[in-house]
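Data file: model30.cif. Format and content: mmCIF, C-alpha atoms.
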```cif
data_query
#
loop_
_atom_site.label_atom_id
_atom_site.label_comp_id
_atom_site.auth_asym_id
_atom_site.auth_seq_id
_atom_site.Cartn_x
_atom_site.Cartn_y
_atom_site.Cartn_z
CA MET G 146 44.33 -81.06 -46.27
CA GLU G 147 42.70 -81.95 -42.98
CA GLN G 148 41.68 -85.61 -42.68
CA PHE G 149 38.20 -86.56 -41.53
CA ALA G 150 36.86 -89.76 -40.03
CA PRO G 151 36.17 -91.74 -43.22
CA LEU G 152 32.50 -91.95 -44.13
CA VAL G 153 31.52 -95.42 -45.34
CA ARG G 154 28.28 -96.98 -46.53
CA SER G 155 26.44 -98.51 -43.58
CA LYS G 156 25.27 -101.52 -45.62
CA ASP G 157 28.69 -102.81 -46.72
CA GLN G 158 31.31 -100.54 -45.10
CA ARG G 159 32.56 -99.57 -48.58
CA PRO G 160 33.64 -95.96 -49.33
CA ILE G 161 30.90 -93.49 -50.27
CA ARG G 162 30.80 -93.03 -54.06
CA TYR G 163 30.44 -89.46 -55.35
CA LEU G 164 29.47 -87.98 -58.69
CA VAL G 165 31.13 -84.57 -59.06
CA VAL G 166 29.49 -82.14 -61.48
CA ASP G 167 31.12 -78.80 -62.24
CA ASP G 168 32.13 -77.11 -65.50
CA SER G 169 35.45 -76.13 -63.92
CA ILE G 170 38.08 -78.89 -64.01
CA PHE G 171 39.81 -77.04 -61.22
CA ALA G 172 36.70 -77.10 -59.00
CA ARG G 173 36.23 -80.82 -59.70
CA LYS G 174 39.84 -81.50 -58.79
CA ASN G 175 39.43 -79.56 -55.56
CA LEU G 176 36.23 -81.39 -54.64
CA ALA G 177 37.94 -84.69 -55.44
CA LYS G 178 40.66 -83.84 -52.91
CA MET G 179 38.03 -83.13 -50.27
CA ILE G 180 36.24 -86.38 -51.09
CA GLU G 181 39.53 -88.22 -50.65
CA SER G 182 39.98 -86.58 -47.24
CA PHE G 183 36.48 -87.83 -46.31
CA GLY G 184 37.53 -91.38 -47.26
CA GLY G 185 35.25 -91.32 -50.31
CA GLN G 186 35.66 -92.32 -53.93
CA VAL G 187 34.90 -90.31 -57.08
CA ALA G 188 32.62 -92.60 -59.10
CA GLY G 189 32.28 -90.15 -61.97
CA GLU G 190 32.67 -86.58 -63.13
CA ALA G 191 30.68 -84.34 -65.43
CA GLY G 192 31.17 -80.82 -66.77
CA ASP G 193 27.55 -80.06 -67.62
CA GLY G 194 24.03 -81.09 -66.73
CA CYS G 195 23.45 -83.43 -69.70
CA THR G 196 26.59 -85.43 -68.96
CA ALA G 197 25.65 -85.49 -65.27
CA ILE G 198 22.38 -87.27 -66.07
CA ALA G 199 24.15 -89.89 -68.15
CA GLU G 200 26.90 -90.34 -65.56
CA TYR G 201 24.36 -90.73 -62.78
CA SER G 202 22.69 -93.61 -64.64
CA ARG G 203 26.05 -95.19 -65.42
CA THR G 204 27.70 -94.90 -62.01
CA GLN G 205 24.74 -94.96 -59.58
CA PRO G 206 26.62 -92.89 -56.98
CA ASP G 207 25.66 -92.59 -53.32
CA ILE G 208 25.68 -88.80 -53.57
CA VAL G 209 26.03 -86.06 -56.18
CA LEU G 210 27.83 -82.74 -55.73
CA MET G 211 26.31 -80.47 -58.37
CA ASP G 212 27.30 -76.98 -59.50
CA ILE G 213 24.52 -74.66 -60.69
CA THR G 214 25.96 -72.37 -63.37
CA MET G 215 27.09 -74.61 -66.19
CA PRO G 216 26.93 -74.57 -69.98
CA GLN G 217 24.31 -76.54 -71.96
CA MET G 218 22.20 -77.55 -68.98
CA GLU G 219 22.35 -75.90 -65.58
CA GLY G 220 22.60 -77.85 -62.35
CA ILE G 221 19.07 -77.25 -61.09
CA GLU G 222 17.52 -78.68 -64.24
CA ALA G 223 19.91 -81.64 -64.17
CA ALA G 224 19.03 -82.28 -60.51
CA GLU G 225 15.33 -82.22 -61.37
CA ARG G 226 15.78 -84.74 -64.19
CA ILE G 227 17.93 -87.06 -62.08
CA VAL G 228 15.42 -87.00 -59.22
CA ARG G 229 12.56 -87.64 -61.65
CA GLN G 230 14.32 -90.81 -62.80
CA SER G 231 15.71 -91.77 -59.38
CA PRO G 232 13.61 -90.30 -56.57
CA ASP G 233 16.10 -91.50 -53.95
CA ALA G 234 18.99 -89.58 -55.52
CA ARG G 235 20.90 -87.51 -53.01
CA ILE G 236 22.04 -84.29 -54.59
CA VAL G 237 23.90 -81.47 -52.88
CA MET G 238 24.12 -78.22 -54.85
CA VAL G 239 27.57 -76.62 -54.63
CA SER G 240 27.60 -73.14 -56.09
CA SER G 241 29.01 -69.68 -55.55
CA VAL G 242 25.60 -68.22 -56.39
CA GLY G 243 23.74 -68.74 -53.14
CA TYR G 244 20.75 -66.44 -53.23
CA GLN G 245 17.55 -67.57 -51.64
CA GLU G 246 15.61 -67.89 -54.89
CA ASN G 247 18.23 -70.28 -56.28
CA ILE G 248 18.39 -72.37 -53.13
CA ILE G 249 14.62 -72.68 -52.94
CA ALA G 250 14.40 -73.61 -56.63
CA ALA G 251 17.06 -76.30 -56.15
CA LEU G 252 15.37 -77.75 -53.08
CA GLN G 253 11.97 -77.72 -54.81
CA LYS G 254 13.44 -79.66 -57.72
CA GLY G 255 14.75 -82.36 -55.42
CA ALA G 256 18.19 -81.29 -54.20
CA ARG G 257 18.75 -82.21 -50.56
CA HIS G 258 21.09 -79.40 -49.52
CA PHE G 259 23.12 -76.42 -50.65
CA VAL G 260 26.76 -75.49 -50.00
CA GLN G 261 28.10 -72.11 -51.07
CA LYS G 262 31.54 -71.75 -52.66
CA PRO G 263 34.26 -71.28 -51.62
CA VAL G 264 33.67 -74.68 -50.07
CA LYS G 265 34.99 -75.29 -46.59
CA PRO G 266 35.83 -79.00 -46.23
CA GLU G 267 34.42 -79.18 -42.70
CA VAL G 268 31.10 -77.72 -43.90
CA LEU G 269 30.85 -80.10 -46.86
CA TYR G 270 31.71 -83.07 -44.63
CA GLU G 271 28.87 -82.24 -42.24
CA VAL G 272 26.43 -81.69 -45.09
CA VAL G 273 27.35 -85.00 -46.72
CA LYS G 274 26.93 -86.78 -43.39
CA TYR G 275 23.55 -85.12 -42.85
CA VAL G 276 22.27 -85.85 -46.35
CA LEU G 277 23.37 -89.50 -46.28
CA GLY G 278 21.83 -89.97 -42.84
CA ASP G 279 21.65 -93.60 -41.76
CA SER G 280 23.12 -94.85 -45.03
CA ALA G 281 26.58 -93.67 -43.98
CA THR G 282 28.64 -94.08 -40.86
CA ALA G 283 31.97 -92.69 -39.78
CA SER G 284 34.45 -95.55 -39.89
CA GLN G 285 34.84 -96.85 -36.33
CA ALA G 286 38.54 -97.72 -36.55
CA GLU G 287 39.52 -94.25 -37.76
CA ALA G 288 37.17 -92.54 -35.33
CA ALA G 289 38.79 -94.46 -32.46
CA ALA G 290 42.20 -93.31 -33.71
CA GLY G 291 41.08 -89.74 -33.14
CA VAL G 292 40.74 -88.47 -36.70
CA THR G 293 38.71 -85.22 -37.01
CA PRO G 294 35.94 -84.71 -36.05
CA MET N 59 28.00 -46.70 -61.80
CA LYS N 60 26.55 -46.57 -58.31
CA MET N 61 28.40 -47.69 -55.22
CA GLU N 62 25.52 -50.00 -54.28
CA LEU N 63 26.48 -52.10 -57.30
CA ILE N 64 30.21 -52.07 -56.63
CA GLN N 65 30.37 -52.64 -52.89
CA PRO N 66 29.19 -56.28 -52.95
CA PHE N 67 31.95 -57.08 -55.45
CA ILE N 68 34.59 -55.43 -53.27
CA ASN N 69 33.38 -57.29 -50.19
CA ALA N 70 33.20 -60.61 -52.02
CA ALA N 71 36.66 -60.24 -53.58
CA ASP N 72 38.15 -59.27 -50.25
CA ALA N 73 36.57 -62.28 -48.49
CA VAL N 74 37.29 -64.86 -51.20
CA LEU N 75 40.91 -63.70 -51.69
CA ALA N 76 41.55 -63.66 -47.94
CA GLN N 77 40.23 -67.22 -47.67
CA ALA N 78 42.19 -68.41 -50.70
CA LEU N 79 45.44 -66.84 -49.58
CA GLN N 80 44.89 -67.36 -45.85
CA GLU N 81 45.97 -63.77 -45.27
CA PRO N 82 44.27 -60.35 -45.38
CA THR N 83 44.37 -58.24 -48.54
CA THR N 84 44.59 -54.46 -48.88
CA ILE N 85 42.39 -52.55 -51.27
CA GLY N 86 44.70 -50.27 -53.21
CA ALA N 87 43.93 -47.86 -56.00
CA VAL N 88 40.39 -47.50 -57.33
CA SER N 89 39.91 -45.72 -60.63
CA MET N 90 37.41 -45.15 -63.40
CA GLU N 91 38.42 -46.35 -66.82
CA GLU N 92 36.80 -45.19 -70.03
CA GLU N 93 39.15 -46.82 -72.49
CA ALA N 94 39.31 -50.44 -73.56
CA TYR N 95 40.53 -52.82 -70.90
CA ARG N 96 44.21 -53.81 -71.02
CA ARG N 97 44.97 -57.22 -69.59
CA LYS N 98 47.75 -57.33 -67.01
CA GLY N 99 48.24 -61.05 -66.38
CA ILE N 100 46.02 -64.12 -66.13
CA ALA N 101 42.43 -62.97 -66.51
CA ALA N 102 38.93 -64.38 -66.38
CA MET N 103 35.76 -62.64 -67.49
CA VAL N 104 32.20 -63.22 -66.28
CA LEU N 105 29.17 -61.83 -68.09
CA VAL N 106 26.05 -60.85 -66.20
CA ASN N 107 22.64 -59.96 -67.61
CA GLY N 108 19.22 -59.16 -66.22
CA ASP N 109 18.32 -56.12 -64.12
CA ILE N 110 22.03 -55.29 -64.22
CA GLU N 111 24.10 -56.00 -67.31
CA GLY N 112 27.77 -56.00 -67.98
CA ARG N 113 30.93 -57.88 -67.21
CA VAL N 114 33.55 -58.33 -64.54
CA ILE N 115 37.17 -59.13 -65.34
CA PHE N 116 39.35 -60.63 -62.69
CA ASP N 117 43.01 -60.16 -63.58
CA LEU N 118 46.02 -61.39 -61.60
CA GLU N 119 49.72 -60.78 -61.99
CA PRO N 120 51.25 -64.12 -63.09
CA LYS N 121 53.09 -64.72 -59.81
CA ALA N 122 49.99 -64.01 -57.72
CA ALA N 123 47.96 -66.28 -60.03
CA ARG N 124 50.40 -69.18 -59.53
CA VAL N 125 50.51 -68.73 -55.74
CA ILE N 126 46.72 -68.55 -55.45
CA THR N 127 46.38 -71.65 -57.63
CA SER N 128 48.80 -73.52 -55.36
CA LYS N 129 46.95 -72.45 -52.24
CA LEU N 130 43.58 -73.37 -53.68
CA MET N 131 44.97 -76.78 -54.62
CA GLY N 132 46.55 -77.24 -51.22
CA THR N 133 50.02 -77.81 -52.70
CA ASP N 134 53.33 -75.95 -52.74
CA ASN N 135 53.27 -75.80 -56.52
CA PRO N 136 50.44 -76.39 -58.95
CA ASP N 137 50.82 -79.71 -60.82
CA SER N 138 50.99 -77.74 -64.01
CA ASP N 139 50.54 -74.18 -65.24
CA GLU N 140 47.54 -75.34 -67.23
CA PHE N 141 45.50 -75.22 -64.03
CA VAL N 142 46.31 -71.55 -63.42
CA PRO N 143 43.72 -70.10 -65.84
CA GLU N 144 41.19 -72.66 -64.55
CA ALA N 145 41.88 -71.60 -60.98
CA ILE N 146 41.48 -67.92 -61.83
CA CYS N 147 38.17 -68.67 -63.56
CA GLU N 148 36.99 -70.51 -60.45
CA LEU N 149 38.16 -67.64 -58.24
CA ALA N 150 36.26 -65.16 -60.45
CA ASN N 151 33.24 -67.43 -60.32
CA GLN N 152 33.33 -67.47 -56.53
CA VAL N 153 33.77 -63.69 -56.20
CA ILE N 154 31.05 -62.85 -58.70
CA GLY N 155 28.73 -65.54 -57.36
CA ASN N 156 29.06 -64.23 -53.82
CA ALA N 157 28.50 -60.63 -54.94
CA VAL N 158 25.50 -61.58 -57.04
CA THR N 159 24.04 -63.43 -54.06
CA VAL N 160 24.06 -60.18 -52.06
CA LEU N 161 22.65 -58.12 -54.93
CA ASN N 162 19.93 -60.66 -55.60
CA ASP N 163 18.87 -60.59 -51.98
CA GLN N 164 18.58 -56.79 -52.44
CA GLY N 165 16.04 -57.35 -55.20
CA PHE N 166 18.14 -57.41 -58.38
CA ASN N 167 17.51 -60.36 -60.66
CA PHE N 168 20.08 -61.51 -63.14
CA LYS N 169 21.87 -64.41 -64.68
CA VAL N 170 25.57 -65.08 -64.27
CA HIS N 171 27.31 -66.83 -67.14
CA PRO N 172 30.17 -69.31 -66.65
CA PRO N 173 33.59 -67.60 -66.50
CA GLU N 174 35.82 -67.56 -69.54
CA VAL N 175 39.56 -67.13 -69.73
CA HIS N 176 40.22 -63.66 -71.09
CA THR N 177 43.18 -63.93 -73.42
CA ALA N 178 42.96 -60.81 -75.57
CA PRO N 179 45.50 -58.16 -74.57
CA ARG N 180 42.76 -55.52 -74.85
CA GLY N 181 39.06 -55.76 -74.18
CA ILE N 182 36.21 -53.97 -75.89
CA GLY N 183 35.83 -50.29 -75.23
CA ASN N 184 33.36 -49.12 -72.65
CA SER N 185 30.33 -47.12 -73.66
CA GLU N 186 29.11 -44.02 -71.92
CA ASP N 187 26.84 -45.92 -69.57
CA THR N 188 29.18 -48.82 -68.89
CA GLU N 189 32.35 -47.07 -67.82
CA ALA N 190 34.48 -49.42 -65.79
CA VAL N 191 35.61 -49.25 -62.21
CA VAL N 192 39.03 -50.80 -61.72
CA MET N 193 40.25 -51.73 -58.29
CA CYS N 194 43.46 -53.28 -57.15
CA PHE N 195 43.74 -55.71 -54.24
CA GLU N 196 47.26 -55.87 -52.96
CA THR N 197 48.40 -59.24 -51.66
CA ALA N 198 51.76 -60.44 -50.40
CA THR N 199 52.32 -62.21 -53.72
CA GLY N 200 51.18 -59.57 -56.15
CA ALA N 201 48.32 -57.46 -57.35
CA VAL N 202 44.83 -58.66 -58.18
CA PHE N 203 42.78 -56.36 -60.40
CA MET N 204 39.02 -56.38 -60.67
CA ASN N 205 37.47 -54.46 -63.53
CA ILE N 206 33.71 -53.98 -63.34
CA ALA N 207 31.70 -52.51 -66.19
CA MET N 208 27.99 -52.66 -65.49
CA ARG N 209 24.86 -50.68 -66.00
CA TYR N 210 21.25 -50.89 -64.96
CA ASN N 211 19.09 -52.51 -67.54
CA ARG N 212 16.83 -49.82 -69.09
CA ARG N 213 13.66 -51.66 -68.16
CA ARG N 214 14.73 -51.78 -64.52
CA LYS N 215 16.02 -48.21 -64.66
CA ASN N 216 12.71 -46.97 -66.04
CA ASP N 217 10.80 -48.92 -63.41
CA GLY N 218 12.79 -47.11 -60.75
CA ASP N 219 12.40 -43.62 -62.29
#
```
Can you dump the structure from the file as structure tokens?
Amino acid sequence: MEQFAPLVRSKDQRPIRYLVVDDSIFARKNLAKMIESFGGQVAGEAGDGCTAIAEYSRTQPDIVLMDITMPQMEGIEAAERIVRQSPDARIVMVSSVGYQENIIAALQKGARHFVQKPVKPEVLYEVVKYVLGDSATASQAEAAAGVTP
Amino acid sequence: MKMELIQPFINAADAVLAQALQEPTTIGAVSMEEEAYRRKGIAAMVLVNGDIEGRVIFDLEPKAARVITSKLMGTDNPDSDEFVPEAICELANQVIGNAVTVLNDQGFNFKVHPPEVHTAPRGIGNSEDTEAVVMCFETATGAVFMNIAMRYNRRRKNDGD
């Protein structure tokens, strides 16, 4: 997989910590590979919305990648509950179902962005960078070494 | 079943498979099937309900399923065969999700359920108004079958009459 200039937390230069929420183990594994290529760290995983809420409280990640269609509790409801408890939570919805109604609902409930599956690593990288804003920087050493982008 | 319902699934499958395999696919035989579905390899089923109701089965020959799993994982070989059904479910999820996105933007509202591995050798029979369309996508590593059995929900159908 293509390597990207590692994204680190601006405050302490530590790797960005991700919570990955998807009912498919395969999708989580794939996202974890992308996160690794971004220089990030998987702080926690969840296979449904209820577990995602508990894992968010436990791990306090820098960013959440959240699927929408999941058993027990769907991603949009989980995002809403997380944001209600932690208004600064940064949640990116990652779903194959990308119709306007769904995207608007997710954004209204507090999600910061939406990425449609199949996920292209370069798209997710840019979205993560955008959503984290000033709280993340591309590691200077790696950027100087000419790692993409 | 009308073509307006089927075409988004064909387009989505074509696009998602081409991206997964990093090569173009060819749409082979398309047929109508009235009898119960017979599984051909590793299969995943997604249920849809709302203005349109029914199910889509995504069924891959075992070799094609293993190759696609490897490609999706970015490895030469999947770590284990246990990921193959998971990968096919995710592939089905992506195809159906992309198709549903197009249909929803055309004004159809429905809910997509999470994919399930379809292990039974035969599926349930199709009723008169849910006859299935079966299409085969030919790839360099084997055939990928998509079986779509859907119908307009009566409420929606009546609204349109």
Restrict the calculation to only C-alpha atoms, then for each residue of chain N with any atom at most 10 Å from an atom of chain G give the closest atom pair and their distance in Å to one decimal, rows by chain and rising residue number, as a tab-separated table.
```
residue	atom	partner	partner_atom	distance
N:Ala73	CA	G:Pro263	CA	9.8
N:Val74	CA	G:Pro263	CA	7.1
N:Gln77	CA	G:Pro263	CA	8.2
N:Ala78	CA	G:Pro263	CA	8.5
N:Thr127	CA	G:Phe171	CA	9.2
N:Leu130	CA	G:Asn175	CA	7.7
N:Met131	CA	G:Asn175	CA	6.3
N:Gly132	CA	G:Met146	CA	6.6
N:Thr133	CA	G:Met146	CA	9.2
N:Glu140	CA	G:Phe171	CA	9.9
N:Phe141	CA	G:Phe171	CA	6.6
N:Val142	CA	G:Phe171	CA	8.8
N:Pro143	CA	G:Phe171	CA	9.2
N:Glu144	CA	G:Phe171	CA	5.7
N:Ala145	CA	G:Phe171	CA	5.8
N:Ile146	CA	G:Phe171	CA	9.3
N:Cys147	CA	G:Ser169	CA	7.9
N:Glu148	CA	G:Ala172	CA	6.8
N:Leu149	CA	G:Pro263	CA	8.5
N:Ala150	CA	G:Ser241	CA	9.8
N:Asn151	CA	G:Ser241	CA	6.8
N:Gln152	CA	G:Ser241	CA	5.0
N:Val153	CA	G:Ser241	CA	7.7
N:Ile154	CA	G:Ser241	CA	7.8
N:Gly155	CA	G:Val242	CA	4.2
N:Asn156	CA	G:Ser241	CA	5.7
N:Ala157	CA	G:Val242	CA	8.3
N:Val158	CA	G:Val242	CA	6.7
N:Thr159	CA	G:Tyr244	CA	4.5
N:Val160	CA	G:Tyr244	CA	7.2
N:Leu161	CA	G:Tyr244	CA	8.7
N:Asn162	CA	G:Tyr244	CA	6.3
N:Asp163	CA	G:Tyr244	CA	6.3
N:Gln164	CA	G:Tyr244	CA	9.9
N:Asn167	CA	G:Glu246	CA	9.7
N:Lys169	CA	G:Thr214	CA	9.0
N:Val170	CA	G:Thr214	CA	7.4
N:His171	CA	G:Thr214	CA	6.8
N:Pro172	CA	G:Met215	CA	6.1
N:Pro173	CA	G:Ser169	CA	9.1
```
Point (32.2, -82.1, -47.9), cut-off 6 Å, counting all atoms listed in the file, residues as a list in words: Pro266, Leu269, Tyr270 and Val273 of chain G
Could you write those residues out with C-alpha atoms, as a short mmCIF file (atom, residue, chain, number, x, y, z; two decimals), in the coordinates of the input?
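Produced file out32.cif, reproduced below:
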```cif
data_model
loop_
_atom_site.label_atom_id
_atom_site.label_comp_id
_atom_site.auth_asym_id
_atom_site.auth_seq_id
_atom_site.Cartn_x
_atom_site.Cartn_y
_atom_site.Cartn_z
CA PRO G 266 35.83 -79.00 -46.23
CA LEU G 269 30.85 -80.10 -46.86
CA TYR G 270 31.71 -83.07 -44.63
CA VAL G 273 27.35 -85.00 -46.72
#
```
Size and centre in Å, one decimal, axis-aligned box, all listed range 189-199 of chain G atoms plus 6 Å per side, as AutoDock Vina command-line options:
```
--center_x 27.5 --center_y -85.1 --center_z -65.8 --size_x 22.3 --size_y 22.1 --size_z 19.7
```
What lies within 7 Å of range 251-259 of chain G using all atoms listed in the file, ignoring chain neighbours under 4 positions off, as a list in words?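 So, after excluding close chain neighbours, the residues are Ile221, Ala224, Glu225, Val228, Arg235, Ile236, Val237, Met238, Val239, Asn247 and Val276 of chain G.
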Taking (19.8, -62.5, -63.9) in the coordinates of the supplied file, I want to know which residues reach to within 8 Å of it, counting all atoms listed in the file; could you give the answer as an mmCIF file with C-alpha atoms, in the coordinates of the input?
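This went into point_7.cif:
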```
data_model
loop_
_atom_site.group_PDB
_atom_site.id
_atom_site.type_symbol
_atom_site.label_atom_id
_atom_site.label_comp_id
_atom_site.auth_asym_id
_atom_site.auth_seq_id
_atom_site.Cartn_x
_atom_site.Cartn_y
_atom_site.Cartn_z
ATOM 1 C CA VAL N 106 26.050 -60.850 -66.200
ATOM 2 C CA ASN N 107 22.640 -59.960 -67.610
ATOM 3 C CA GLY N 108 19.220 -59.160 -66.220
ATOM 4 C CA ASP N 109 18.320 -56.120 -64.120
ATOM 5 C CA ILE N 110 22.030 -55.290 -64.220
ATOM 6 C CA PHE N 166 18.140 -57.410 -58.380
ATOM 7 C CA ASN N 167 17.510 -60.360 -60.660
ATOM 8 C CA PHE N 168 20.080 -61.510 -63.140
ATOM 9 C CA LYS N 169 21.870 -64.410 -64.680
ATOM 10 C CA VAL N 170 25.570 -65.080 -64.270
#
```
Quick one: everything within 7 Å of His176 in chain N, counting only C-alpha atoms, minus sequence neighbours fewer than 2 positions away in the same chain. Send it as JSON, numbers by chain. {"N": [101, 102, 103, 174, 178]}
Write out, as a compact mmCIF listing (two decimals), in the frame of the given file, the residues just selected, with C-alpha atoms.
```
# COMPACT_ATOMS: atom_id res chain seq x y z
CA ALA N 101 42.43 -62.97 -66.51
CA ALA N 102 38.93 -64.38 -66.38
CA MET N 103 35.76 -62.64 -67.49
CA GLU N 174 35.82 -67.56 -69.54
CA ALA N 178 42.96 -60.81 -75.57
```
Report as a ChimeraX atom specification the full result of the PyMOL selection byres ((chain N and resi 124) around 8) when it is applied to this structure. /N:120-123,125-128,135-136,139,142
Do you know which residues are at most 10 Å from range 186-195 of chain G counting all atoms listed in the file, after dropping those on the same chain fewer than 5 positions away, and could you put them as a ChimeraX atom specification? /G:159-170,173-174,176-178,180-181,200-201,203-224,226-227
For the atom pair CA of Phe203 in chain N and CA of Gly165 in chain N, what is the interatomic distance in Å to one decimal place?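 Atom-to-atom, CA of Phe203 in chain N and CA of Gly165 in chain N are spaced 27.3 Å apart.
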Given all atoms listed in the file as the basis, pick out the residue of N:Glu111, N:Lys60, N:Val191, N:Tyr95 nearest to Met208 in chain N.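 Nearest candidate to Met208 in chain N out of N:Glu111, N:Lys60, N:Val191, N:Tyr95: N:Glu111.
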